[in-house]
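Asker: I'd like to ask some things about the structure below.
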Amino acid sequence: MRFSSEALRDRIRDAQAKCSITATSGYRRGNLVQLKKLADAAASECPSIEHVIVVMRRSATEELDDTIVMKPSRDVWYHEAVEKASADCPPVFVDSEHMLFTLYTSGTTGTPKGIIHTTGGYLTGCYATTKWVFDLKEEDVYWCTADIGW
C-alpha cells in the first residue's frame, strides 16, 4: 500500500492539504512506478487539493508508455514554476509551536498516524544536530535524502 493512491489520499484528507508535489515517475525495486497517475487518482478524491506540482524526472517519452496528463487549472510543472519564481523570499515569522509538517507512519499496523513536528522544536533539533553532531561549517555542503515514498 506504500505507493498506492489510497495511501496518498488518506494522508491528504487527514492533513487537508491544498498542494501535492509529485514526480512523473519513480522506481521501486527496479520497477517503474507512475507517481503522477497515482497522485491524480488521489487528488480526484480530495477536494482540498488546489494544485499538483509535477517534477519531470526524465522526459516522459523515455520513462512512460503514455503521456503525462496535466490538468490545466490544477497541475503545474515544477521547472516552469521555478523559472517564474522570484529569488527574493522573505521569511514569515511564526510562533515556535506553529505546525511545520506531519510525518506519517507506514500504516503497516492499521491506519497511518500523523506525527506533527512544530517549527521551533524541529528546527532547534536540526540546528543542534548539524552543529554538535555533524560539526558542519559555513563552507560545508550537506545532503540528506528522505523516504522515497510520498
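In the C-alpha cells, each chain is lettered A, B, ... as it comes, each chain's residues begin at 1, and ligands are numbered from 1 in order of appearance.
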Show me, as number ranges by chain, the residues that have an atom within 8 Å of region 91-96 of chain A when counting only C-alpha atoms, minus same-chain residues fewer than 4 positions from it.
Answerer: A: 118-121
Asker: At most 10 Å is the cut-off: for each residue in region 39-63 of chain A with any atom that close to an atom of region 76-84 of chain A, write down the nearest atom pair and the distance in Å rounded to one decimal, counting only C-alpha atoms, chain first then increasing number, as JSON lines.
Answerer:
{"residue": "A:His51", "atom": "CA", "partner": "A:Val76", "partner_atom": "CA", "distance": 7.1}
{"residue": "A:Val52", "atom": "CA", "partner": "A:Val76", "partner_atom": "CA", "distance": 6.2}
{"residue": "A:Ile53", "atom": "CA", "partner": "A:Val76", "partner_atom": "CA", "distance": 4.8}
{"residue": "A:Val54", "atom": "CA", "partner": "A:Trp77", "partner_atom": "CA", "distance": 4.9}
{"residue": "A:Val55", "atom": "CA", "partner": "A:Tyr78", "partner_atom": "CA", "distance": 5.2}
{"residue": "A:Met56", "atom": "CA", "partner": "A:Trp77", "partner_atom": "CA", "distance": 7.4}
Asker: Would you pick out the contacts of Pro47 (chain A) at 12 Å or less, using only C-alpha atoms, so that residues sharing its chain but fewer than 2 positions from it are not included, and give the list as a list of chain:residue names?
Answerer: A:Arg9, A:Ile12, A:Arg13, A:Gln16, A:Ala17, A:Lys18, A:Cys19, A:Ala42, A:Ala43, A:Ser44, A:Glu45, A:Ile49, A:Glu50, A:His51, A:Arg74
Asker: Print the selection's residues with all heavy atoms to a file, as a compact mmCIF listing (two decimals), in the first residue's frame.
Answerer:
# COMPACT_ATOMS: atom_id res chain seq x y z
N ARG A 9 -4.17 9.47 -0.73
CA ARG A 9 -5.49 10.08 -0.49
C ARG A 9 -5.76 10.24 1.00
O ARG A 9 -6.20 11.30 1.46
CB ARG A 9 -6.58 9.23 -1.14
CG ARG A 9 -7.99 9.76 -0.89
CD ARG A 9 -9.04 8.69 -1.02
NE ARG A 9 -8.82 7.64 -0.03
CZ ARG A 9 -9.14 6.35 -0.22
NH1 ARG A 9 -9.70 5.95 -1.35
NH2 ARG A 9 -8.91 5.46 0.71
N ILE A 12 -3.63 13.02 2.46
CA ILE A 12 -4.10 14.34 2.00
C ILE A 12 -5.36 14.73 2.76
O ILE A 12 -5.49 15.86 3.23
CB ILE A 12 -4.36 14.34 0.49
CG1 ILE A 12 -3.03 14.27 -0.28
CG2 ILE A 12 -5.15 15.58 0.06
CD1 ILE A 12 -3.20 14.06 -1.78
N ARG A 13 -6.29 13.80 2.89
CA ARG A 13 -7.54 14.09 3.61
C ARG A 13 -7.28 14.44 5.06
O ARG A 13 -7.86 15.37 5.61
CB ARG A 13 -8.49 12.90 3.52
CG ARG A 13 -9.17 12.77 2.17
CD ARG A 13 -10.11 11.59 2.19
NE ARG A 13 -10.83 11.44 0.94
CZ ARG A 13 -11.59 10.39 0.65
NH1 ARG A 13 -11.73 9.41 1.52
NH2 ARG A 13 -12.21 10.33 -0.50
N GLN A 16 -5.76 17.81 5.14
CA GLN A 16 -6.49 18.82 4.37
C GLN A 16 -5.51 19.63 3.51
O GLN A 16 -5.58 20.85 3.41
CB GLN A 16 -7.29 19.74 5.29
CG GLN A 16 -8.50 19.07 5.90
CD GLN A 16 -9.50 18.63 4.83
OE1 GLN A 16 -10.04 19.45 4.12
NE2 GLN A 16 -9.72 17.33 4.72
N ALA A 17 -4.59 18.89 2.88
CA ALA A 17 -3.54 19.51 2.05
C ALA A 17 -4.14 20.23 0.86
O ALA A 17 -5.11 19.76 0.26
CB ALA A 17 -2.56 18.44 1.58
N LYS A 18 -3.56 21.36 0.52
CA LYS A 18 -4.01 22.14 -0.63
C LYS A 18 -3.13 21.89 -1.85
O LYS A 18 -3.51 22.19 -2.96
CB LYS A 18 -3.98 23.63 -0.30
CG LYS A 18 -4.98 24.02 0.77
CD LYS A 18 -4.92 25.50 1.05
CE LYS A 18 -5.93 25.88 2.10
NZ LYS A 18 -5.91 27.32 2.38
N CYS A 19 -1.94 21.35 -1.62
CA CYS A 19 -0.99 21.14 -2.70
C CYS A 19 -0.33 19.77 -2.53
O CYS A 19 -0.03 19.35 -1.42
CB CYS A 19 0.07 22.24 -2.67
SG CYS A 19 1.32 22.10 -3.93
N ALA A 42 -5.46 10.05 -6.38
CA ALA A 42 -5.68 10.52 -5.01
C ALA A 42 -6.33 11.90 -5.02
O ALA A 42 -7.30 12.15 -4.30
CB ALA A 42 -4.35 10.55 -4.25
N ALA A 43 -5.81 12.82 -5.83
CA ALA A 43 -6.32 14.19 -5.88
C ALA A 43 -7.77 14.25 -6.33
O ALA A 43 -8.53 15.11 -5.88
CB ALA A 43 -5.45 15.05 -6.79
N SER A 44 -8.18 13.30 -7.17
CA SER A 44 -9.56 13.29 -7.65
C SER A 44 -10.56 13.03 -6.52
O SER A 44 -11.73 13.32 -6.65
CB SER A 44 -9.73 12.25 -8.76
OG SER A 44 -9.69 10.94 -8.23
N GLU A 45 -10.07 12.47 -5.41
CA GLU A 45 -10.93 12.18 -4.26
C GLU A 45 -10.67 13.12 -3.09
O GLU A 45 -11.11 12.86 -1.97
CB GLU A 45 -10.71 10.73 -3.82
CG GLU A 45 -11.06 9.70 -4.87
CD GLU A 45 -10.87 8.29 -4.37
OE1 GLU A 45 -11.34 7.99 -3.25
OE2 GLU A 45 -10.24 7.50 -5.09
N ILE A 49 -7.37 19.69 -2.46
CA ILE A 49 -6.22 19.88 -3.36
C ILE A 49 -6.53 20.96 -4.39
O ILE A 49 -7.49 20.87 -5.14
CB ILE A 49 -5.82 18.57 -4.08
CG1 ILE A 49 -5.19 17.60 -3.09
CG2 ILE A 49 -4.86 18.83 -5.24
CD1 ILE A 49 -3.83 18.02 -2.57
N GLU A 50 -5.69 22.00 -4.40
CA GLU A 50 -5.81 23.09 -5.36
C GLU A 50 -4.77 22.98 -6.47
O GLU A 50 -5.02 23.40 -7.60
CB GLU A 50 -5.68 24.44 -4.65
CG GLU A 50 -6.78 24.68 -3.63
CD GLU A 50 -6.56 25.93 -2.80
OE1 GLU A 50 -5.60 26.70 -3.09
OE2 GLU A 50 -7.32 26.13 -1.84
N HIS A 51 -3.59 22.46 -6.13
CA HIS A 51 -2.50 22.36 -7.10
C HIS A 51 -1.74 21.05 -6.93
O HIS A 51 -1.57 20.57 -5.81
CB HIS A 51 -1.52 23.52 -6.95
CG HIS A 51 -2.14 24.85 -7.21
ND1 HIS A 51 -2.49 25.28 -8.46
CD2 HIS A 51 -2.50 25.83 -6.37
CE1 HIS A 51 -3.02 26.47 -8.39
NE2 HIS A 51 -3.06 26.83 -7.11
N ARG A 74 -5.18 22.91 -12.40
CA ARG A 74 -4.63 22.37 -11.15
C ARG A 74 -3.14 22.08 -11.22
O ARG A 74 -2.39 22.42 -10.31
CB ARG A 74 -5.39 21.10 -10.80
CG ARG A 74 -5.00 20.47 -9.48
CD ARG A 74 -5.49 19.05 -9.35
NE ARG A 74 -4.77 18.18 -10.27
CZ ARG A 74 -5.09 16.93 -10.53
NH1 ARG A 74 -6.13 16.39 -9.95
NH2 ARG A 74 -4.39 16.21 -11.38
Asker: Please provide the set of residues having any atom within 12 Å of Leu123 (chain A), restricted to only C-alpha atoms, with same-chain residues fewer than 4 positions apart removed, written as an mmCIF file with N, CA, C and O atoms, in the first residue's frame.
Answerer:
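Once everything was written out, this is out13.cif:
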data_model
loop_
_atom_site.group_PDB
_atom_site.id
_atom_site.type_symbol
_atom_site.label_atom_id
_atom_site.label_comp_id
_atom_site.auth_asym_id
_atom_site.auth_seq_id
_atom_site.Cartn_x
_atom_site.Cartn_y
_atom_site.Cartn_z
ATOM 1 N N SER A 96 6.788 29.447 17.784
ATOM 2 C CA SER A 96 7.596 28.222 17.854
ATOM 3 C C SER A 96 6.744 26.951 17.818
ATOM 4 O O SER A 96 7.208 25.897 17.382
ATOM 5 N N GLU A 97 5.484 27.034 18.230
ATOM 6 C CA GLU A 97 4.603 25.865 18.209
ATOM 7 C C GLU A 97 3.790 25.762 16.919
ATOM 8 O O GLU A 97 2.925 24.897 16.794
ATOM 9 N N HIS A 98 4.073 26.611 15.948
ATOM 10 C CA HIS A 98 3.403 26.550 14.647
ATOM 11 C C HIS A 98 3.758 25.223 13.963
ATOM 12 O O HIS A 98 4.911 24.822 13.932
ATOM 13 N N MET A 99 2.740 24.546 13.395
ATOM 14 C CA MET A 99 2.982 23.264 12.753
ATOM 15 C C MET A 99 3.884 23.447 11.528
ATOM 16 O O MET A 99 3.633 24.298 10.678
ATOM 17 N N LEU A 100 4.940 22.657 11.441
ATOM 18 C CA LEU A 100 5.864 22.707 10.309
ATOM 19 C C LEU A 100 5.516 21.625 9.286
ATOM 20 O O LEU A 100 5.363 21.901 8.110
ATOM 21 N N PHE A 101 5.373 20.378 9.752
ATOM 22 C CA PHE A 101 4.981 19.288 8.861
ATOM 23 C C PHE A 101 4.452 18.115 9.671
ATOM 24 O O PHE A 101 4.645 18.034 10.871
ATOM 25 N N HIS A 117 5.276 17.808 13.665
ATOM 26 C CA HIS A 117 6.516 18.456 14.097
ATOM 27 C C HIS A 117 6.285 19.956 14.062
ATOM 28 O O HIS A 117 5.793 20.494 13.073
ATOM 29 N N THR A 118 6.653 20.629 15.148
ATOM 30 C CA THR A 118 6.473 22.078 15.218
ATOM 31 C C THR A 118 7.739 22.785 14.754
ATOM 32 O O THR A 118 8.828 22.215 14.739
ATOM 33 N N THR A 119 7.575 24.035 14.389
ATOM 34 C CA THR A 119 8.672 24.818 13.822
ATOM 35 C C THR A 119 9.845 24.923 14.792
ATOM 36 O O THR A 119 10.967 24.565 14.455
ATOM 37 N N TYR A 127 19.281 22.277 14.009
ATOM 38 C CA TYR A 127 20.429 23.153 14.244
ATOM 39 C C TYR A 127 21.431 22.481 15.193
ATOM 40 O O TYR A 127 22.627 22.439 14.915
ATOM 41 N N ALA A 128 20.927 21.957 16.299
ATOM 42 C CA ALA A 128 21.820 21.326 17.277
ATOM 43 C C ALA A 128 22.535 20.119 16.675
ATOM 44 O O ALA A 128 23.735 19.920 16.899
ATOM 45 N N THR A 129 21.813 19.324 15.897
ATOM 46 C CA THR A 129 22.417 18.138 15.285
ATOM 47 C C THR A 129 23.511 18.520 14.290
ATOM 48 O O THR A 129 24.610 17.953 14.315
ATOM 49 N N THR A 130 23.214 19.478 13.404
ATOM 50 C CA THR A 130 24.225 19.849 12.408
ATOM 51 C C THR A 130 25.436 20.530 13.046
ATOM 52 O O THR A 130 26.560 20.364 12.583
#
Asker: Can you tell me, as a PyMOL selection string, what residues are no more than 12 Å from Ala41 (chain A) when counting only C-alpha atoms, ignoring any on the same chain fewer than 3 positions away?
Answerer: chain A and resi 3-10+12+20+34-38+44-46+49+52+69
Asker: Grab the CA of Ile116 (chain A) to CA of Lys137 (chain A) distance for me, in Å with one decimal place.
Answerer: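 About the pair CA of Ile116 (chain A) and CA of Lys137 (chain A): they are 29.2 Å apart.
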Asker: CA of Tyr122 (chain A) and CA of Thr22 (chain A), how far apart in Å?
Answerer: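 One can read the CA of Thr22 (chain A) to CA of Tyr122 (chain A) distance as 23.9 Å.
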Asker: Mind the document's chain letters and residue numbers, and return as a list in words the residues of region 72-129 of chain A that DSSP labels strand (DSSP E or B).
Answerer: Asp75, Val76, Trp77, Met99, Leu100, Phe101, Thr102, Leu103, Tyr104, Gly114, Ile115, Ile116, His117 and Thr118 of chain A
Asker: Apply DSSP to the backbone of this structure and, from chain A, keep only the residues in alpha helix (DSSP H); write these as JSON, numbers by chain.
Answerer: {"A": [5, 6, 7, 8, 9, 10, 11, 12, 13, 14, 15, 35, 36, 37, 38, 39, 40, 41, 42, 43, 60, 61, 62, 63, 78, 79, 80, 81, 82, 83, 84, 119, 120, 121, 122, 123, 124, 125, 126, 127, 128]}
